[in-house]
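Q: Got a structure for you, questions after.
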Amino acid sequence: MTAPTRPAFLSRIRFRDAGTLLGLVLIGVVFSALTPVFLTTPNLMNILQQSAINACIALGMTLVIISGGIDLSVGPVAALSAVLGAAMMVAGVPAPLSVMVALAVGMACGLFNGVLITWGGLQPFIVTLGGLSLFRAFALIYTGGTPIFGIPDGFRAFTNGTVLGVPNPVVIVIVLALAAWIILNRTPLGEYMMAVGGNEEAARISGVPVRLTKLAAYMISGLMASVAAMILIGRLGAAEPTLGTLWELDAIAAAAIGGASLMGGRGSIMGTLIGCVILGALRNGLTLMNVQAFYQLLATGIIIIVAMLIDRATSGKQGG
Amino acid sequence: MTPRLVLSQIDKSFGPLQVLHGVTLTVGAGEVHGLLGENGAGKSTLLNILSGVFRADAGRVEIDGQARTITSPRDASDAGIAMIHQELQQVPELTVAQNMFLGASLRHLGGLFVDRAAQEAEARRLLAPLDPLIDVTAPIRTLRVAQRQIVEIAKALRARARIIAMDEPTSSLTPKEFDRLVEVIRGLQAQGVSVIYVSHKMDEVYRVCQSATILRDGRLIGRVELPQTPVATVIERMVGRELAHGVHHGFARERVVLEARGLTRGRAVVDASLSLREGEVLCIAGLVGSGRTELLRLIAGVDAADAGEVLVDGKVIAGGDPRRRIRAGLGLLPEERKRDGIIRHRPVTTNIALPAMRRFSRFGIIRRAALTARSEELMRDVQLRPLDVARPIGSFSGGNQQKAIIGRWLAADTRIFLFDEPTRGIDVGAKAEIYALIERLAKEGRSILVVSSELPEVIRLADRVLVMREGRIAAELGPGEITEENIARHAIPAA
């Protein structure tokens, strides 16, 4: 019984990821034909590297969306942990310790969101919208609005380094994606996230720890946001309190392109990663072709809406 | 004379489950026609087809001798059909007049603005013969249910309905309000309006209707002329012989496993106490809204109690958290499986594993192979069809979803099963299987609490029956006392 049936369900999931991948290939083919530089190893690495920060955010966002929520505060969370981490490093605190504190700050922001949403009973959209302003304000007040310069070279060298020719940020994303995939597909927490997002009341009646599950999702999202912040300040050598503006939208877009349902209960780590690369490749390709930034925005919007229309058309019968 | 309405040979399926098999219904002009059948007989589906909510797979609709295609609520309204749902579909914050003209507002000043004054005047005119005391400018939420029902009837008349279907209109009316409703219905009849009247209550049906159509398990059993046909005959045709005479088996032992003491939540459940023995099937009967589901949810820890306690094996279970109750051995099987029972996109395996996820994990990782093997074992045992535990649970029929949820609690070693309407929305074949499963659970020494509105089901399953009325446990019926008459006598509030 097992042998013929189990793959049937798995292939249903893979089917969606294959669709996302097909979209990426299509974009790749188009840009390769339009500009010779696109399909070269340095440029492809460049795309991956440019997508890494969004990928970090989007991985956390995917878990939040699957568990039936949304996290609009990721950009400011990144900014807050960036300025605090940078300030510590500049003050001479060892980089590993500074990074740990910065990551803890991100998780604390997630805890703040999560507690208000679960025990406070508030709507995720509103709570994280509040967080969006609140955490940004903290970052601006703390820095007085000016960037923090002088990130130590050692830390910069780490984020700009490579492993076997692959940029370290990309390696970090691969490790994080693997971890997120295991959480989602192989641990009780992942099943709980899908259950809570799929049907919260049924999950509660079945004994799922609904509040802890949601809390975990928001804390992971906060953590991922601060990882993204660390990558960014390492690469720039400075931490701006205004960094991360509109990151939440890119992350939500990547997750949605990758098949996450904003109604909760469904989403894919693989899909989200491919979604990030699609957005990255699109921007990279258009830049190579010297297309104005305005049109890049236009193309991003079109990609998101087309992806959703295709999604609706292929799985429309399951709606309602 | 041509009948007002003829529905003929209506078929309807939801996925694999056929819920209507060639059903025919005829209603004369100015006739009040009963639509009778147990829960799940297909009454609501038929009404939903008539009112354009569902599309029939096959069949014809004729109104005043003319064939009609009804594919949307709009079509139904154009054909002169109005439906008054059990749960009134009104906007609480809007006024009586606004509700009556919802989607059909009267306009003035070139159609740009709603003409409130005209709407209110028209609403007042329509309501005058029905209930002149209703203030058309009051928000709907300030009205009593009986008045809101009258407003719905007035709205139907506003839309010039010639056929008004009422789904369980008296489920929350007092006897006096019922009398008033009967007068209103007589008034409709006098105007030549036909009424389709759905109710479980035989005395009402005999008082209001001239004739009735009986459905059972989605099939037409027959049409009866009412004063002439004895109640016993109608009930027998409704429930069918095999269920009414289903043989009850008892396996109750001595030891008490579950006790509830003085459970109270608002006015829904007041000071309810009960005890349940090992291997016992205890049914909770009563009218819809008498507090049965609420009591079950208090016991399961899904809702928090204002007062009272729950004991398992003589020990108080602290806290109102479902997880603690599950650990103590309780498991709730909700009535609305789609809404409260299943994670529909997830496979059967996940749905089974949710309460016992730790058992299926090692070092924080789920052992998929072990989970699949255990799920298959359980599902083979309860005869899940098709036996494919990797399929999303939402793609199974209601009966098979219920089997999977029974499997969920078996996997968690649950000893006390709390069933809320265990066979709601389940076809007759699967019903018998669910009954057999419940009896098997009891035989194995598990204890079972069943909330049920279907009296034959109660008689078939129960070792003992508690009858609830207005939030309180009104009576306990032991062996030999469990009859439809006894249950009904205690369930219905005194006038």
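The way I read the labels, and the way they are meant: chains A, B, ... in the order of the structure tokens, residue 1 as the first residue of every chain, and ligand 1 as the first ligand shown, with later ones counted on from there.
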Write out as a ChimeraX atom specification each polymer residue whose atoms come within 10 Å of range 216-226 of chain A, counting only C-alpha atoms; drop sequence neighbours fewer than 6 positions from it.
A: /A:53-71,73-82,85,99-115,117,124,128,173,176,180,189-190,193,232,244,247-248
Q: For the selection you just gave me, I'd like the residues written to a file as a short mmCIF file (atom, residue, chain, number, x, y, z; two decimals), in the first residue's frame, keeping C-alpha atoms.
A:
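Below is the file again-v2.cif, written as the result:
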data_model
loop_
_atom_site.label_atom_id
_atom_site.label_comp_id
_atom_site.auth_asym_id
_atom_site.auth_seq_id
_atom_site.Cartn_x
_atom_site.Cartn_y
_atom_site.Cartn_z
CA ILE A 53 19.26 38.81 2.26
CA ASN A 54 15.72 38.55 0.94
CA ALA A 55 15.97 34.76 1.22
CA CYS A 56 16.82 34.97 4.93
CA ILE A 57 13.80 37.15 5.60
CA ALA A 58 11.54 35.11 3.34
CA LEU A 59 12.40 31.81 5.06
CA GLY A 60 11.17 33.16 8.38
CA MET A 61 8.21 34.81 6.67
CA THR A 62 7.26 31.48 5.07
CA LEU A 63 6.98 29.79 8.47
CA VAL A 64 4.89 32.67 9.82
CA ILE A 65 2.60 32.62 6.78
CA ILE A 66 2.20 28.83 6.97
CA SER A 67 1.13 29.13 10.59
CA GLY A 68 -1.58 31.54 9.50
CA GLY A 69 0.04 34.88 10.32
CA ILE A 70 2.08 37.65 8.72
CA ASP A 71 5.14 39.58 9.90
CA SER A 73 7.97 44.18 11.09
CA VAL A 74 10.95 42.29 9.62
CA GLY A 75 12.67 45.32 8.03
CA PRO A 76 12.76 47.43 11.22
CA VAL A 77 13.70 44.35 13.27
CA ALA A 78 16.69 43.96 10.95
CA ALA A 79 17.54 47.66 11.33
CA LEU A 80 17.36 47.52 15.11
CA SER A 81 19.60 44.47 15.40
CA ALA A 82 21.95 45.95 12.78
CA GLY A 85 25.22 44.80 16.65
CA VAL A 99 26.30 38.93 16.53
CA MET A 100 24.78 36.74 19.25
CA VAL A 101 23.32 39.80 20.97
CA ALA A 102 21.99 41.12 17.66
CA LEU A 103 20.31 37.79 16.94
CA ALA A 104 18.86 37.73 20.46
CA VAL A 105 17.43 41.21 19.85
CA GLY A 106 15.74 39.92 16.69
CA MET A 107 14.24 36.99 18.57
CA ALA A 108 13.08 39.31 21.34
CA CYS A 109 11.24 41.42 18.76
CA GLY A 110 9.62 38.21 17.49
CA LEU A 111 8.69 37.32 21.05
CA PHE A 112 7.11 40.74 21.49
CA ASN A 113 5.00 40.28 18.32
CA GLY A 114 4.14 36.70 19.20
CA VAL A 115 3.02 37.39 22.76
CA ILE A 117 -0.75 37.99 18.95
CA PRO A 124 -0.99 39.65 13.35
CA THR A 128 3.40 43.67 13.28
CA VAL A 173 21.17 30.85 3.41
CA LEU A 176 19.26 28.14 7.16
CA ALA A 180 13.84 25.54 7.97
CA LEU A 189 6.72 22.00 15.26
CA GLY A 190 6.40 22.05 11.46
CA MET A 193 2.54 25.18 12.07
CA LEU A 232 24.06 43.39 5.15
CA GLY A 244 15.41 47.19 5.52
CA TRP A 247 11.90 44.14 3.00
CA GLU A 248 8.65 42.65 4.27
#
Q: Using only C-alpha atoms, which protein or nucleic acid residues come within 8 Å of range 270-273 of chain B? Drop anything in the same chain fewer than 3 positions from it, and give the result as a ChimeraX atom specification.
A: /B:259-267,295,308,471-473
Q: Pick the closest to Gly478 in chain B from B:Ala56, B:Val256, B:Leu226, B:Ile459: which is it, counting only C-alpha atoms?
A: B:Ile459
Q: Identify every residue of chain A that has at least one atom within 7 Å of any atom of chain B, counting only C-alpha atoms, and report the result as a CSV table (one decimal) with N, CA and C atoms, in the first residue's frame.
A:
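Here's the written file selection_34.csv:
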chain,number,residue,atom,x,y,z
A,5,THR,N,1.2,4.9,-3.0
A,5,THR,CA,0.4,6.0,-2.6
A,5,THR,C,1.3,7.2,-2.1
A,6,ARG,N,2.3,6.9,-1.3
A,6,ARG,CA,3.0,8.0,-0.7
A,6,ARG,C,3.6,9.0,-1.7
A,9,PHE,N,1.2,11.7,-3.0
A,9,PHE,CA,1.0,12.9,-2.2
A,9,PHE,C,2.2,13.9,-2.3
A,186,ARG,N,9.9,17.8,9.0
A,186,ARG,CA,10.4,16.6,9.8
A,186,ARG,C,10.2,16.7,11.3
A,187,THR,N,9.7,17.9,11.8
A,187,THR,CA,9.5,18.0,13.2
A,187,THR,C,8.1,18.2,13.6
A,188,PRO,N,7.7,17.9,14.8
A,188,PRO,CA,6.3,18.2,15.3
A,188,PRO,C,6.0,19.7,15.1
A,195,ALA,N,-0.8,22.8,10.8
A,195,ALA,CA,-2.1,22.5,11.4
A,195,ALA,C,-2.8,23.8,11.9
A,198,GLY,N,-3.7,25.8,8.9
A,198,GLY,CA,-4.7,25.1,8.1
A,198,GLY,C,-6.1,25.2,8.8
A,199,ASN,N,-6.1,25.0,10.1
A,199,ASN,CA,-7.4,25.1,10.8
A,199,ASN,C,-7.1,25.2,12.3
A,201,GLU,N,-8.8,26.0,15.0
A,201,GLU,CA,-9.7,25.4,16.0
A,201,GLU,C,-9.6,23.9,16.1
A,202,ALA,N,-9.5,23.3,14.9
A,202,ALA,CA,-9.3,21.8,14.9
A,202,ALA,C,-7.9,21.5,15.5
A,205,ILE,N,-8.4,21.7,19.3
A,205,ILE,CA,-9.1,20.6,19.8
A,205,ILE,C,-8.3,19.3,19.8
A,206,SER,N,-7.4,19.2,18.9
A,206,SER,CA,-6.5,18.0,18.8
A,206,SER,C,-5.3,18.1,19.7
A,207,GLY,N,-5.2,19.1,20.5
A,207,GLY,CA,-4.2,19.2,21.5
A,207,GLY,C,-2.9,19.8,21.0
A,208,VAL,N,-2.9,20.5,19.9
A,208,VAL,CA,-1.8,21.2,19.4
A,208,VAL,C,-1.5,22.5,20.3
Q: Rounded to one decimal in Å, what is the spacing between CA of Leu461 in chain B and CA of Val312 in chain B?
A: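 These two atoms are separated by 22.6 Å.
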Q: I'd like the contact shell of Asp115 in chain B - 8 Å cut-off, only C-alpha atoms, skipping same-chain residues fewer than 3 positions apart - returned as a list in words.
A: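 Returned residues: Ser105, Leu106, Arg107, His108, Ala118 and Gln119 of chain B.
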Q: Please produce a file of the residues just selected, as a PDB file, in the first residue's frame, where the atoms kept are C-alpha atoms.
A:
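Output file again_6.pdb follows:
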ATOM      1  CA  SER B 105     -32.707  49.314  -2.315  1.00  0.00           C
ATOM      2  CA  LEU B 106     -35.177  51.961  -3.417  1.00  0.00           C
ATOM      3  CA  ARG B 107     -33.341  54.891  -5.021  1.00  0.00           C
ATOM      4  CA  HIS B 108     -34.060  58.499  -5.736  1.00  0.00           C
ATOM      5  CA  ALA B 118     -39.616  55.304   0.868  1.00  0.00           C
ATOM      6  CA  GLN B 119     -38.022  52.106   2.143  1.00  0.00           C
TER       7      GLN B 119
END
Q: To test your reading of the structure, identify every residue in range 74-271 of chain B that backbone DSSP assigns to strand (DSSP E or B), and report it as a VMD selection string.
A: chain B and resid 81 to 84 95 107 to 108 113 to 114 139 163 to 167 194 to 198 211 to 216 219 to 225 256 to 265 269 to 271
Q: Since we have the selection now, will you write its residues out, keeping N, CA and C atoms, as a compact mmCIF listing (two decimals), in the first residue's frame?
A:
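File produced: out38.txt:
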# COMPACT_ATOMS: atom_id res chain seq x y z
N ILE B 81 -39.20 32.69 -5.36
CA ILE B 81 -38.89 31.79 -4.26
C ILE B 81 -38.12 32.55 -3.20
N ALA B 82 -38.51 32.40 -1.94
CA ALA B 82 -37.75 33.01 -0.85
C ALA B 82 -37.47 31.95 0.19
N MET B 83 -36.35 32.08 0.85
CA MET B 83 -35.95 31.08 1.81
C MET B 83 -35.70 31.77 3.15
N ILE B 84 -36.26 31.20 4.19
CA ILE B 84 -35.99 31.73 5.53
C ILE B 84 -35.17 30.70 6.27
N THR B 95 -30.82 48.59 9.97
CA THR B 95 -32.19 48.67 10.48
C THR B 95 -33.06 47.61 9.83
N ARG B 107 -34.23 53.76 -4.79
CA ARG B 107 -33.34 54.89 -5.02
C ARG B 107 -34.15 56.14 -5.35
N HIS B 108 -33.52 57.26 -5.19
CA HIS B 108 -34.06 58.50 -5.74
C HIS B 108 -32.91 59.39 -6.17
N PHE B 113 -28.85 57.79 -4.73
CA PHE B 113 -29.01 57.76 -3.28
C PHE B 113 -30.14 56.84 -2.87
N VAL B 114 -29.94 56.18 -1.72
CA VAL B 114 -30.98 55.30 -1.20
C VAL B 114 -32.10 56.16 -0.63
N PRO B 139 -32.32 48.89 14.71
CA PRO B 139 -31.35 47.92 14.19
C PRO B 139 -31.85 46.49 14.45
N ILE B 163 -43.47 31.46 -3.21
CA ILE B 163 -43.11 30.24 -2.49
C ILE B 163 -42.13 30.64 -1.39
N ILE B 164 -42.49 30.37 -0.14
CA ILE B 164 -41.57 30.70 0.96
C ILE B 164 -41.19 29.41 1.67
N ALA B 165 -39.89 29.13 1.72
CA ALA B 165 -39.42 27.93 2.41
C ALA B 165 -38.90 28.34 3.78
N MET B 166 -39.35 27.64 4.82
CA MET B 166 -38.91 27.95 6.18
C MET B 166 -38.19 26.74 6.76
N ASP B 167 -36.90 26.94 7.09
CA ASP B 167 -36.09 25.84 7.61
C ASP B 167 -36.10 25.89 9.13
N SER B 194 -47.46 29.87 -1.24
CA SER B 194 -47.20 28.50 -0.82
C SER B 194 -46.05 28.49 0.17
N VAL B 195 -46.13 27.60 1.16
CA VAL B 195 -45.08 27.55 2.17
C VAL B 195 -44.53 26.13 2.25
N ILE B 196 -43.20 26.04 2.26
CA ILE B 196 -42.57 24.75 2.53
C ILE B 196 -42.01 24.84 3.94
N TYR B 197 -42.43 23.90 4.77
CA TYR B 197 -42.17 24.02 6.20
C TYR B 197 -41.34 22.83 6.66
N VAL B 198 -40.10 23.11 7.09
CA VAL B 198 -39.22 22.04 7.54
C VAL B 198 -39.19 22.04 9.06
N SER B 211 -50.06 18.86 4.00
CA SER B 211 -49.49 17.67 3.38
C SER B 211 -47.98 17.72 3.64
N ALA B 212 -47.31 16.62 3.33
CA ALA B 212 -45.87 16.61 3.59
C ALA B 212 -45.18 15.61 2.68
N THR B 213 -43.88 15.90 2.42
CA THR B 213 -43.04 14.98 1.68
C THR B 213 -42.02 14.42 2.65
N ILE B 214 -41.82 13.12 2.61
CA ILE B 214 -40.88 12.49 3.55
C ILE B 214 -39.63 12.05 2.80
N LEU B 215 -38.49 12.46 3.30
CA LEU B 215 -37.21 12.03 2.72
C LEU B 215 -36.49 11.16 3.74
N ARG B 216 -35.72 10.24 3.23
CA ARG B 216 -34.84 9.46 4.11
C ARG B 216 -33.58 9.14 3.33
N ARG B 219 -33.47 9.97 -0.31
CA ARG B 219 -34.45 9.38 -1.23
C ARG B 219 -35.86 9.81 -0.84
N LEU B 220 -36.74 9.86 -1.87
CA LEU B 220 -38.13 10.19 -1.61
C LEU B 220 -38.81 8.96 -1.03
N ILE B 221 -39.41 9.10 0.15
CA ILE B 221 -40.13 7.97 0.73
C ILE B 221 -41.61 8.08 0.37
N GLY B 222 -42.11 9.30 0.28
CA GLY B 222 -43.49 9.44 -0.17
C GLY B 222 -44.09 10.77 0.23
N ARG B 223 -45.31 11.00 -0.28
CA ARG B 223 -46.05 12.20 0.06
C ARG B 223 -47.25 11.78 0.87
N VAL B 224 -47.52 12.50 1.95
CA VAL B 224 -48.66 12.13 2.78
C VAL B 224 -49.60 13.32 2.95
N GLU B 225 -50.91 13.05 3.02
CA GLU B 225 -51.88 14.08 3.37
C GLU B 225 -51.98 14.06 4.88
N VAL B 256 -16.32 4.03 37.70
CA VAL B 256 -16.58 5.35 37.12
C VAL B 256 -15.25 5.93 36.65
N VAL B 257 -15.18 6.37 35.39
CA VAL B 257 -13.93 6.94 34.89
C VAL B 257 -13.99 8.46 34.78
N LEU B 258 -15.17 8.98 34.47
CA LEU B 258 -15.28 10.43 34.25
C LEU B 258 -16.42 10.98 35.10
N GLU B 259 -16.13 12.10 35.76
CA GLU B 259 -17.18 12.79 36.49
C GLU B 259 -17.12 14.27 36.14
N ALA B 260 -18.28 14.86 36.02
CA ALA B 260 -18.34 16.32 35.90
C ALA B 260 -19.19 16.80 37.07
N ARG B 261 -18.74 17.84 37.73
CA ARG B 261 -19.48 18.33 38.90
C ARG B 261 -19.78 19.81 38.74
N GLY B 262 -21.06 20.11 38.65
CA GLY B 262 -21.52 21.50 38.68
C GLY B 262 -20.97 22.38 37.57
N LEU B 263 -20.76 21.81 36.37
CA LEU B 263 -20.20 22.63 35.29
C LEU B 263 -21.19 23.72 34.88
N THR B 264 -20.67 24.93 34.77
CA THR B 264 -21.50 26.07 34.43
C THR B 264 -20.74 26.98 33.48
N ARG B 265 -21.41 27.45 32.46
CA ARG B 265 -20.84 28.48 31.58
C ARG B 265 -21.98 29.40 31.15
N VAL B 269 -24.80 26.49 29.94
CA VAL B 269 -24.75 25.28 30.74
C VAL B 269 -24.82 25.71 32.20
N VAL B 270 -25.78 25.15 32.93
CA VAL B 270 -25.96 25.56 34.31
C VAL B 270 -25.89 24.34 35.23
N ASP B 271 -24.88 24.30 36.08
CA ASP B 271 -24.79 23.30 37.14
C ASP B 271 -25.01 21.87 36.62
Q: Would you return as a PDB file with C-alpha atoms, in the first residue's frame the members of range 267-448 of chain B that DSSP assigns to alpha helix (DSSP H) on this structure's backbone?
A:
ATOM      1  CA  ARG B 292     -25.443  19.756  24.945  1.00  0.00           C
ATOM      2  CA  THR B 293     -22.552  20.754  22.670  1.00  0.00           C
ATOM      3  CA  GLU B 294     -21.487  23.421  25.161  1.00  0.00           C
ATOM      4  CA  LEU B 295     -21.390  20.831  27.972  1.00  0.00           C
ATOM      5  CA  LEU B 296     -19.274  18.504  25.855  1.00  0.00           C
ATOM      6  CA  ARG B 297     -16.849  21.337  25.071  1.00  0.00           C
ATOM      7  CA  LEU B 298     -16.549  22.196  28.768  1.00  0.00           C
ATOM      8  CA  ILE B 299     -15.700  18.581  29.539  1.00  0.00           C
ATOM      9  CA  ALA B 300     -13.129  18.528  26.723  1.00  0.00           C
ATOM     10  CA  PRO B 322      -7.610  20.845  25.980  1.00  0.00           C
ATOM     11  CA  ARG B 323      -4.064  19.455  26.156  1.00  0.00           C
ATOM     12  CA  ARG B 324      -4.394  18.499  29.824  1.00  0.00           C
ATOM     13  CA  ARG B 325      -7.714  16.808  29.196  1.00  0.00           C
ATOM     14  CA  ILE B 326      -6.202  14.902  26.282  1.00  0.00           C
ATOM     15  CA  ARG B 327      -3.349  13.742  28.497  1.00  0.00           C
ATOM     16  CA  VAL B 348      -4.677  11.388   7.105  1.00  0.00           C
ATOM     17  CA  THR B 349      -1.371  10.538   8.822  1.00  0.00           C
ATOM     18  CA  THR B 350      -0.859  14.087  10.110  1.00  0.00           C
ATOM     19  CA  ASN B 351      -4.473  14.390  11.150  1.00  0.00           C
ATOM     20  CA  ILE B 352      -4.123  11.192  13.147  1.00  0.00           C
ATOM     21  CA  ALA B 353      -0.791  12.139  14.704  1.00  0.00           C
ATOM     22  CA  ARG B 368       7.383   9.054   9.132  1.00  0.00           C
ATOM     23  CA  ALA B 369       7.627   5.344   8.491  1.00  0.00           C
ATOM     24  CA  ALA B 370       6.331   4.463  11.941  1.00  0.00           C
ATOM     25  CA  LEU B 371       3.550   7.030  11.628  1.00  0.00           C
ATOM     26  CA  THR B 372       2.480   5.690   8.239  1.00  0.00           C
ATOM     27  CA  ALA B 373       2.563   2.103   9.476  1.00  0.00           C
ATOM     28  CA  ARG B 374       0.490   2.886  12.573  1.00  0.00           C
ATOM     29  CA  SER B 375      -1.964   4.995  10.572  1.00  0.00           C
ATOM     30  CA  GLU B 376      -2.471   2.212   8.073  1.00  0.00           C
ATOM     31  CA  GLU B 377      -3.000  -0.293  10.830  1.00  0.00           C
ATOM     32  CA  LEU B 378      -5.611   1.916  12.509  1.00  0.00           C
ATOM     33  CA  MET B 379      -7.320   2.857   9.275  1.00  0.00           C
ATOM     34  CA  ARG B 380      -7.502  -0.740   8.068  1.00  0.00           C
ATOM     35  CA  ASP B 381      -9.130  -1.537  11.368  1.00  0.00           C
ATOM     36  CA  GLY B 398     -17.792  12.643   5.925  1.00  0.00           C
ATOM     37  CA  GLY B 399     -18.059   9.110   7.242  1.00  0.00           C
ATOM     38  CA  ASN B 400     -14.460   8.339   6.411  1.00  0.00           C
ATOM     39  CA  GLN B 401     -13.280  11.610   7.957  1.00  0.00           C
ATOM     40  CA  GLN B 402     -15.078  10.566  11.124  1.00  0.00           C
ATOM     41  CA  LYS B 403     -13.305   7.186  11.022  1.00  0.00           C
ATOM     42  CA  ALA B 404      -9.961   8.972  10.688  1.00  0.00           C
ATOM     43  CA  ILE B 405     -10.766  11.162  13.695  1.00  0.00           C
ATOM     44  CA  ILE B 406     -11.705   8.074  15.710  1.00  0.00           C
ATOM     45  CA  GLY B 407      -8.284   6.757  14.648  1.00  0.00           C
ATOM     46  CA  ARG B 408      -6.688  10.002  15.861  1.00  0.00           C
ATOM     47  CA  TRP B 409      -7.883   9.341  19.400  1.00  0.00           C
ATOM     48  CA  LEU B 410      -7.109   5.634  19.235  1.00  0.00           C
ATOM     49  CA  ALA B 411      -3.520   6.558  18.367  1.00  0.00           C
ATOM     50  CA  VAL B 428     -26.678   5.563   5.973  1.00  0.00           C
ATOM     51  CA  GLY B 429     -24.124   2.866   5.197  1.00  0.00           C
ATOM     52  CA  ALA B 430     -21.323   4.694   6.971  1.00  0.00           C
ATOM     53  CA  LYS B 431     -23.684   5.445   9.859  1.00  0.00           C
ATOM     54  CA  ALA B 432     -24.026   1.756  10.628  1.00  0.00           C
ATOM     55  CA  GLU B 433     -20.227   1.457  10.539  1.00  0.00           C
ATOM     56  CA  ILE B 434     -19.812   4.353  12.975  1.00  0.00           C
ATOM     57  CA  TYR B 435     -22.360   2.754  15.327  1.00  0.00           C
ATOM     58  CA  ALA B 436     -20.484  -0.526  15.159  1.00  0.00           C
ATOM     59  CA  LEU B 437     -17.221   1.298  15.897  1.00  0.00           C
ATOM     60  CA  ILE B 438     -18.712   3.077  18.906  1.00  0.00           C
ATOM     61  CA  GLU B 439     -19.993  -0.245  20.212  1.00  0.00           C
ATOM     62  CA  ARG B 440     -16.576  -1.784  19.703  1.00  0.00           C
ATOM     63  CA  LEU B 441     -14.896   1.037  21.620  1.00  0.00           C
ATOM     64  CA  ALA B 442     -17.302   0.372  24.494  1.00  0.00           C
ATOM     65  CA  LYS B 443     -16.678  -3.352  24.336  1.00  0.00           C
TER      66      LYS B 443
END
Q: What does the distance from CA of Leu181 in chain B to CA of Leu130 in chain B come to in Å, to one decimal?
A: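 Calculated distance between CA of Leu181 in chain B and CA of Leu130 in chain B is 9.0 Å.
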Q: Pick out the residues sitting within 9 Å of Met468 in chain B, and hand them over as a PyMOL selection string; count only C-alpha atoms, and ignore anything fewer than 2 positions along from it in its own chain.
A: chain B and resi 284-287+290-292+466+470-475+490-491
Q: Please dump the current selection as a tab-separated table (two decimals), in the first residue's frame; keep N, CA and C atoms.
A:
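Writing the result to part-v5.tsv gives the following:
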chain	number	residue	atom	x	y	z
B	284	ILE	N	-26.39	12.24	25.50
B	284	ILE	CA	-27.00	13.47	25.97
B	284	ILE	C	-27.97	13.93	24.89
B	285	ALA	N	-29.27	13.90	25.24
B	285	ALA	CA	-30.29	14.29	24.28
B	285	ALA	C	-30.83	15.66	24.67
B	286	GLY	N	-31.61	16.25	23.79
B	286	GLY	CA	-32.17	17.56	24.07
B	286	GLY	C	-32.34	18.33	22.77
B	287	LEU	N	-33.04	19.45	22.84
B	287	LEU	CA	-33.24	20.25	21.64
B	287	LEU	C	-31.95	20.95	21.26
B	290	SER	N	-29.96	23.46	23.69
B	290	SER	CA	-30.23	23.15	25.10
B	290	SER	C	-28.94	23.04	25.91
B	291	GLY	N	-27.79	23.21	25.25
B	291	GLY	CA	-26.53	23.25	26.00
B	291	GLY	C	-25.72	21.97	25.90
B	292	ARG	N	-26.13	21.05	25.01
B	292	ARG	CA	-25.44	19.76	24.94
B	292	ARG	C	-24.01	19.90	24.43
B	466	LEU	N	-29.05	11.22	29.31
B	466	LEU	CA	-29.33	12.45	30.05
B	466	LEU	C	-30.06	13.37	29.09
B	470	GLU	N	-32.69	23.78	28.40
B	470	GLU	CA	-32.32	25.14	28.78
B	470	GLU	C	-31.08	25.16	29.66
B	471	GLY	N	-30.05	24.39	29.26
B	471	GLY	CA	-28.76	24.46	29.95
B	471	GLY	C	-28.62	23.54	31.14
B	472	ARG	N	-29.71	22.94	31.56
B	472	ARG	CA	-29.62	22.06	32.72
B	472	ARG	C	-29.89	20.62	32.32
B	473	ILE	N	-29.39	19.71	33.12
B	473	ILE	CA	-29.74	18.30	32.92
B	473	ILE	C	-31.09	18.08	33.56
B	474	ALA	N	-32.10	17.81	32.71
B	474	ALA	CA	-33.48	17.79	33.18
B	474	ALA	C	-33.90	16.40	33.64
B	475	ALA	N	-33.28	15.37	33.08
B	475	ALA	CA	-33.73	14.02	33.44
B	475	ALA	C	-32.65	13.02	33.09
B	490	HIS	N	-39.11	15.27	28.32
B	490	HIS	CA	-38.20	16.02	29.17
B	490	HIS	C	-37.48	17.14	28.42
B	491	ALA	N	-37.38	16.99	27.10
B	491	ALA	CA	-36.58	17.94	26.33
B	491	ALA	C	-37.31	19.24	26.08
Q: Just to confirm, what's the straight-line distance from CA of Pro169 in chain A to CA of Pro96 in chain A in Å (one decimal)?
A: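 A separation of 15.9 Å between them.
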Q: Counting only C-alpha atoms, what is within 12 Å of Gly15 in chain B, bar same-chain residues fewer than 3 positions away, as a list in words?
A: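 Non-adjacent residues within range: Lys317 and Gln318 of chain A; Lys12, Gln18, Val19, Asp57, Gly394, Ser395, Phe396, Ser397 and Gly398 of chain B.
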Q: Using only C-alpha atoms, which residue out of A:Ala228, A:Ile304, A:Ile278, A:Ala179 lies closest to Leu26 in chain A?
A: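 The answer is A:Ile278, which sits nearest to Leu26 in chain A.
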Q: Identify, on the basis of only C-alpha atoms, every residue whose closest approach to Arg283 in chain A does not exceed 9 Å; exclude the query and any residue fewer than 3 positions from it along the same chain; express the result as an mmCIF file with C-alpha atoms, in the first residue's frame.
A:
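What ended up in out.cif:
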data_model
loop_
_atom_site.group_PDB
_atom_site.id
_atom_site.type_symbol
_atom_site.label_atom_id
_atom_site.label_comp_id
_atom_site.auth_asym_id
_atom_site.auth_seq_id
_atom_site.Cartn_x
_atom_site.Cartn_y
_atom_site.Cartn_z
ATOM 1 C CA ILE A 47 22.263 36.986 -8.320
ATOM 2 C CA ILE A 278 13.176 34.720 -9.413
ATOM 3 C CA LEU A 279 12.892 38.212 -7.945
ATOM 4 C CA GLY A 280 16.707 38.530 -7.808
ATOM 5 C CA LEU A 286 16.757 44.217 -16.086
ATOM 6 C CA THR A 287 19.727 46.089 -14.599
ATOM 7 C CA LEU A 288 22.071 44.405 -17.061
ATOM 8 C CA ALA A 293 14.385 51.144 -11.938
ATOM 9 C CA GLN A 296 11.928 46.939 -12.577
ATOM 10 C CA LEU A 297 9.217 47.725 -10.062
ATOM 11 C CA ALA A 299 8.114 43.867 -13.727
ATOM 12 C CA THR A 300 8.132 42.724 -10.084
#
